[in-house]
Amino acid sequence: MAALDQALEVPVVEEESQFKLVPKMTISENSSEVFSVRFSPDGKFLAAGCGDGAIRVFNVSNGKVAYNLEGGSNVALPTTCIRFRPVTPSSRTKNVFLSANAAGAVQHWHMTSGKCLHSFSDDDNQVYALDYNEEGSQFVTAGKDTKVRVYDEATKTIVAVMEGGTIGDYSKVSPGHSNRVFSVKCTHDEHLVLSGGWDNTVQVWDIRTGTSVRSLYGPHICGDALDLKGNEIVTGSWRPKDQLELWDFGSGERITEIPWNPGQSQFAANTQQSCMLYAAQFSKDAAGRFIVAGGSGSNEAKVFDHLAGNAVVGTVTGLTRGVFSVDFSADGEKVAIAGGDSCIRLLDVVSKRDD
């Protein structure tokens, strides 16, 4: 009887998103893989950090190269991360962005003139992650040496160096990272910064004390796969199960896992290749309506409707190499997906009601 009851079990009806993905264009003018892709604040340009060290900026309207800020070479180390400086009423110079590379260099670029405004380097470090705070008054770096550094944007001087270890009279020990850090995120609290990496933790740092005040345990972050919207953190882990997760910012507790293939049978889950995530991000609208994530293994990316029970909006699949980077435009209407096949795919997020 129990077997019969189980056979007659009514399946759970999942929510359906009222949005879909529509391919806009594929930009294939890169000569090497793309490790970081980022929309300009006005959504008109798309900057790509490439494996040959080049930074190429494309026009979103036609996909053509608008600016080539570094020539790139066969011996150059990859450009690992790009972040545009937020535009505020007090901004004197617009179209400025940060780049980092695997040689430890952090550079400020003026996109339209192609000039490098400032550069500094840590020869003993490889920088994998960058972020600006909301005002653009500070930026954060992290990488191979496990330390999270906060800089003043105006003076380019260090405000704080945050790492685990003993505190004060050595009576207390602060948690920190024990391995490479691949993602950092400034929060809506000007004093707190998130970071995540290979050691299966996300640390919540307080700039004032230079110590971690909270830890999330579990995420195995290997790329730009850490984001915050409101009180929710999204993490993307490079592993075959529990790749995409949501966490409570205040408590550090896991809220839920977002299934990569919702409704998939156990047989399919055991026989089909999984997607292990390098990148994950909320859309930039106030509500964080969508989540985009992508990675390797099955070499695909997906957009989820976070306000519709994390229903799948659409999937980009059939790629020959992994997805290393994703980004939403500021209005949440466009998404860029890039990675190992050297291409950048632009897609529109549109309402099904427009059909």
# chains A, B, ... in the order shown; residues from 1 in each chain; ligands from 1
$ residues_around --residues "region 185-189 of chain A" --least-positions-apart "2" --cutoff "9 Å" --atoms "only C-alpha atoms" --output "ChimeraX atom specification"
/A:129-134,139-140,183,191-195,226-230
$ write_last_selection --atoms "C-alpha atoms" --output "PDB file, in the first residue's frame"
ATOM      1  CA  ALA A 129      39.119  39.956  -7.157  1.00  0.00           C
ATOM      2  CA  LEU A 130      38.071  43.613  -7.004  1.00  0.00           C
ATOM      3  CA  ASP A 131      35.089  45.667  -5.905  1.00  0.00           C
ATOM      4  CA  TYR A 132      34.073  49.276  -5.246  1.00  0.00           C
ATOM      5  CA  ASN A 133      31.869  50.448  -2.406  1.00  0.00           C
ATOM      6  CA  GLU A 134      28.580  52.103  -3.392  1.00  0.00           C
ATOM      7  CA  PHE A 139      37.943  49.765  -3.442  1.00  0.00           C
ATOM      8  CA  VAL A 140      38.879  46.281  -2.275  1.00  0.00           C
ATOM      9  CA  SER A 183      35.698  37.072  -4.970  1.00  0.00           C
ATOM     10  CA  HIS A 191      32.052  49.020   7.242  1.00  0.00           C
ATOM     11  CA  LEU A 192      31.533  45.417   6.063  1.00  0.00           C
ATOM     12  CA  VAL A 193      33.095  43.485   3.167  1.00  0.00           C
ATOM     13  CA  LEU A 194      32.479  39.907   1.972  1.00  0.00           C
ATOM     14  CA  SER A 195      35.132  37.587   0.559  1.00  0.00           C
ATOM     15  CA  LEU A 226      29.738  36.050  -4.577  1.00  0.00           C
ATOM     16  CA  ASP A 227      27.064  38.748  -4.497  1.00  0.00           C
ATOM     17  CA  LEU A 228      24.723  40.502  -2.077  1.00  0.00           C
ATOM     18  CA  LYS A 229      21.261  41.984  -2.517  1.00  0.00           C
ATOM     19  CA  GLY A 230      19.425  43.263   0.530  1.00  0.00           C
TER      20      GLY A 230
END
$ residues_around --residues "Met111 (chain A)" --least-positions-apart "5" --cutoff "9 Å" --atoms "only C-alpha atoms" --output "ChimeraX atom specification"
/A:57,67-69,94-97,116
$ write_last_selection --atoms "C-alpha atoms" --output "PDB file, in the first residue's frame"
ATOM      1  CA  VAL A  57      35.870  47.373 -24.660  1.00  0.00           C
ATOM      2  CA  TYR A  67      38.577  50.749 -27.187  1.00  0.00           C
ATOM      3  CA  ASN A  68      41.575  48.456 -26.807  1.00  0.00           C
ATOM      4  CA  LEU A  69      43.309  49.512 -23.624  1.00  0.00           C
ATOM      5  CA  LYS A  94      33.401  59.287 -15.589  1.00  0.00           C
ATOM      6  CA  ASN A  95      34.167  56.058 -17.491  1.00  0.00           C
ATOM      7  CA  VAL A  96      36.848  54.986 -15.016  1.00  0.00           C
ATOM      8  CA  PHE A  97      37.368  51.347 -14.171  1.00  0.00           C
ATOM      9  CA  CYS A 116      46.124  54.335 -17.441  1.00  0.00           C
TER      10      CYS A 116
END
$ atom_distance --atom1 "CA of Asn59 (chain A)" --atom2 "CA of Cys222 (chain A)"
28.8 Å
$ closest_atom_pairs --of "region 92-207 of chain A" --to "region 234-256 of chain A" --cutoff "9 Å" --atoms "only C-alpha atoms" --output "CSV"
residue,atom,partner,partner_atom,distance
A:Gly196,CA,A:Thr235,CA,8.8
A:Asn200,CA,A:Ser237,CA,8.8
A:Val202,CA,A:Thr235,CA,9.0
A:Val204,CA,A:Phe249,CA,8.8
$ write_last_selection --atoms "all heavy atoms" --output "PDB file, in the first residue's frame"
ATOM      1  N   GLY A 196      35.341  35.423  -0.510  1.00  0.00           N
ATOM      2  CA  GLY A 196      35.214  33.971  -0.576  1.00  0.00           C
ATOM      3  C   GLY A 196      36.262  33.377  -1.493  1.00  0.00           C
ATOM      4  O   GLY A 196      36.753  34.042  -2.407  1.00  0.00           O
ATOM      5  N   ASN A 200      36.552  27.112   1.268  1.00  0.00           N
ATOM      6  CA  ASN A 200      35.168  26.724   1.594  1.00  0.00           C
ATOM      7  C   ASN A 200      34.532  27.606   2.666  1.00  0.00           C
ATOM      8  O   ASN A 200      33.672  27.159   3.427  1.00  0.00           O
ATOM      9  CB  ASN A 200      35.090  25.253   2.032  1.00  0.00           C
ATOM     10  CG  ASN A 200      35.569  24.310   0.947  1.00  0.00           C
ATOM     11  OD1 ASN A 200      35.445  24.595  -0.242  1.00  0.00           O
ATOM     12  ND2 ASN A 200      36.151  23.196   1.352  1.00  0.00           N
ATOM     13  N   VAL A 202      33.051  31.866   3.391  1.00  0.00           N
ATOM     14  CA  VAL A 202      32.857  33.281   3.060  1.00  0.00           C
ATOM     15  C   VAL A 202      33.056  34.042   4.358  1.00  0.00           C
ATOM     16  O   VAL A 202      32.425  33.721   5.382  1.00  0.00           O
ATOM     17  CB  VAL A 202      31.456  33.546   2.488  1.00  0.00           C
ATOM     18  CG1 VAL A 202      31.199  35.050   2.368  1.00  0.00           C
ATOM     19  CG2 VAL A 202      31.300  32.885   1.125  1.00  0.00           C
ATOM     20  N   VAL A 204      32.961  37.635   6.540  1.00  0.00           N
ATOM     21  CA  VAL A 204      32.376  38.974   6.636  1.00  0.00           C
ATOM     22  C   VAL A 204      33.340  39.807   7.473  1.00  0.00           C
ATOM     23  O   VAL A 204      33.506  39.578   8.673  1.00  0.00           O
ATOM     24  CB  VAL A 204      30.982  38.939   7.290  1.00  0.00           C
ATOM     25  CG1 VAL A 204      30.380  40.355   7.317  1.00  0.00           C
ATOM     26  CG2 VAL A 204      30.054  37.974   6.565  1.00  0.00           C
TER      27      VAL A 204
END
$ closest_residue --among "A:Asp331, A:Ser36, A:Arg321, A:Gly314" --to "Phe282 (chain A)" --atoms "only C-alpha atoms"
A:Asp331
$ atom_distance --atom1 "CA of Tyr278 (chain A)" --atom2 "CA of Val326 (chain A)"
9.2 Å
$ closest_residue --among "A:Gly164, A:Phe45, A:Phe182, A:Cys50" --to "Asn30 (chain A)" --atoms "only C-alpha atoms"
A:Cys50
$ atom_distance --atom1 "CA of Asn179 (chain A)" --atom2 "CA of Thr146 (chain A)"
5.7 Å
$ closest_residue --among "A:Arg149, A:Lys64, A:Arg56, A:Arg208" --to "Thr79 (chain A)" --atoms "only C-alpha atoms"
A:Arg56
$ residues_around --residues "Cys275 (chain A)" --least-positions-apart "3" --cutoff "8 Å" --atoms "only C-alpha atoms" --output "PDB file with N, CA and C atoms, in the first residue's frame"
ATOM      1  N   ARG A 239      31.561  22.849  -7.859  1.00  0.00           N
ATOM      2  CA  ARG A 239      31.346  21.476  -7.425  1.00  0.00           C
ATOM      3  C   ARG A 239      30.078  20.960  -8.101  1.00  0.00           C
ATOM      4  N   PRO A 240      29.891  19.654  -8.160  1.00  0.00           N
ATOM      5  CA  PRO A 240      28.771  19.105  -8.928  1.00  0.00           C
ATOM      6  C   PRO A 240      27.425  19.172  -8.236  1.00  0.00           C
ATOM      7  N   GLN A 243      25.576  23.715  -5.992  1.00  0.00           N
ATOM      8  CA  GLN A 243      26.436  24.749  -6.573  1.00  0.00           C
ATOM      9  C   GLN A 243      25.952  26.160  -6.256  1.00  0.00           C
ATOM     10  N   TRP A 260      20.092  23.419  -9.884  1.00  0.00           N
ATOM     11  CA  TRP A 260      20.559  23.812 -11.212  1.00  0.00           C
ATOM     12  C   TRP A 260      19.634  23.254 -12.296  1.00  0.00           C
ATOM     13  N   GLY A 294      27.082  30.658 -14.073  1.00  0.00           N
ATOM     14  CA  GLY A 294      27.621  29.813 -15.136  1.00  0.00           C
ATOM     15  C   GLY A 294      28.923  29.169 -14.712  1.00  0.00           C
ATOM     16  N   GLY A 295      29.321  28.122 -15.457  1.00  0.00           N
ATOM     17  CA  GLY A 295      30.548  27.438 -15.098  1.00  0.00           C
ATOM     18  C   GLY A 295      30.966  26.388 -16.107  1.00  0.00           C
ATOM     19  N   SER A 296      31.746  25.432 -15.621  1.00  0.00           N
ATOM     20  CA  SER A 296      32.306  24.397 -16.488  1.00  0.00           C
ATOM     21  C   SER A 296      31.678  23.059 -16.169  1.00  0.00           C
ATOM     22  N   GLY A 297      32.189  22.014 -16.812  1.00  0.00           N
ATOM     23  CA  GLY A 297      31.565  20.701 -16.716  1.00  0.00           C
ATOM     24  C   GLY A 297      30.587  20.572 -17.860  1.00  0.00           C
ATOM     25  N   SER A 298      29.346  20.981 -17.623  1.00  0.00           N
ATOM     26  CA  SER A 298      28.360  21.008 -18.705  1.00  0.00           C
ATOM     27  C   SER A 298      28.498  22.269 -19.558  1.00  0.00           C
ATOM     28  N   ASN A 299      29.378  23.186 -19.146  1.00  0.00           N
ATOM     29  CA  ASN A 299      29.679  24.397 -19.937  1.00  0.00           C
ATOM     30  C   ASN A 299      28.415  25.165 -20.308  1.00  0.00           C
ATOM     31  N   GLU A 300      27.775  25.727 -19.297  1.00  0.00           N
ATOM     32  CA  GLU A 300      26.540  26.458 -19.552  1.00  0.00           C
ATOM     33  C   GLU A 300      26.329  27.559 -18.523  1.00  0.00           C
TER      34      GLU A 300
END
$ select_by_dssp --residues "region 36-267 of chain A" --states "strand (DSSP E or B)" --output "number ranges by chain"
A: 36-39, 45-50, 55-59, 65-68, 79-84, 96-101, 105-110, 115-121, 127-132, 138-143, 148-152, 158-162, 165-167, 172-174, 181-186, 192-197, 201-206, 211-217, 226-229, 232-236, 244-248, 254-257
$ closest_residue --among "A:Ala66, A:Leu98, A:Val313, A:Cys343" --to "Phe290 (chain A)" --atoms "only C-alpha atoms"
A:Val313
$ closest_residue --among "A:Thr141, A:Thr112, A:Ser121, A:Ser91" --to "Ala154 (chain A)" --atoms "only C-alpha atoms"
A:Ser91
$ residues_around --residues "Ala280 (chain A)" --least-positions-apart "2" --cutoff "6 Å" --atoms "only C-alpha atoms" --output "PDB file with N, CA, C and O atoms, in the first residue's frame"
ATOM      1  N   ALA A 225      31.950  34.760  -7.918  1.00  0.00           N
ATOM      2  CA  ALA A 225      30.711  34.026  -7.650  1.00  0.00           C
ATOM      3  C   ALA A 225      30.158  34.323  -6.261  1.00  0.00           C
ATOM      4  O   ALA A 225      29.667  33.440  -5.562  1.00  0.00           O
ATOM      5  N   GLY A 236      28.201  30.911  -5.735  1.00  0.00           N
ATOM      6  CA  GLY A 236      28.339  29.875  -6.750  1.00  0.00           C
ATOM      7  C   GLY A 236      29.585  29.055  -6.460  1.00  0.00           C
ATOM      8  O   GLY A 236      30.681  29.616  -6.345  1.00  0.00           O
ATOM      9  N   VAL A 292      22.018  35.219 -12.265  1.00  0.00           N
ATOM     10  CA  VAL A 292      22.695  34.545 -13.373  1.00  0.00           C
ATOM     11  C   VAL A 292      23.907  33.816 -12.821  1.00  0.00           C
ATOM     12  O   VAL A 292      24.575  34.297 -11.902  1.00  0.00           O
ATOM     13  N   ALA A 293      24.173  32.644 -13.359  1.00  0.00           N
ATOM     14  CA  ALA A 293      25.327  31.858 -12.929  1.00  0.00           C
ATOM     15  C   ALA A 293      25.800  30.997 -14.084  1.00  0.00           C
ATOM     16  O   ALA A 293      25.028  30.647 -14.985  1.00  0.00           O
TER      17      ALA A 293
END
$ closest_residue --among "A:Ser212, A:Gly53, A:Val148, A:Glu29" --to "Val173 (chain A)" --atoms "only C-alpha atoms"
A:Ser212
$ residues_around --residues "Thr155 (chain A)" --least-positions-apart "3" --cutoff "12 Å" --atoms "only C-alpha atoms" --output "list in words"
His118, Ser137, Gln138, Phe139, Val150, Tyr151, Asp152, Ile158 and Val159 of chain A
$ write_last_selection --atoms "C-alpha atoms" --output "short mmCIF file (atom, residue, chain, number, x, y, z; two decimals), in the first residue's frame"
data_model
loop_
_atom_site.label_atom_id
_atom_site.label_comp_id
_atom_site.auth_asym_id
_atom_site.auth_seq_id
_atom_site.Cartn_x
_atom_site.Cartn_y
_atom_site.Cartn_z
CA HIS A 118 47.23 54.97 -11.87
CA SER A 137 35.24 56.20 -2.36
CA GLN A 138 36.98 52.91 -1.57
CA PHE A 139 37.94 49.77 -3.44
CA VAL A 150 40.86 48.13 1.33
CA TYR A 151 42.12 51.27 -0.45
CA ASP A 152 41.07 54.90 -0.50
CA ILE A 158 45.71 51.36 2.07
CA VAL A 159 42.90 51.81 4.60
#
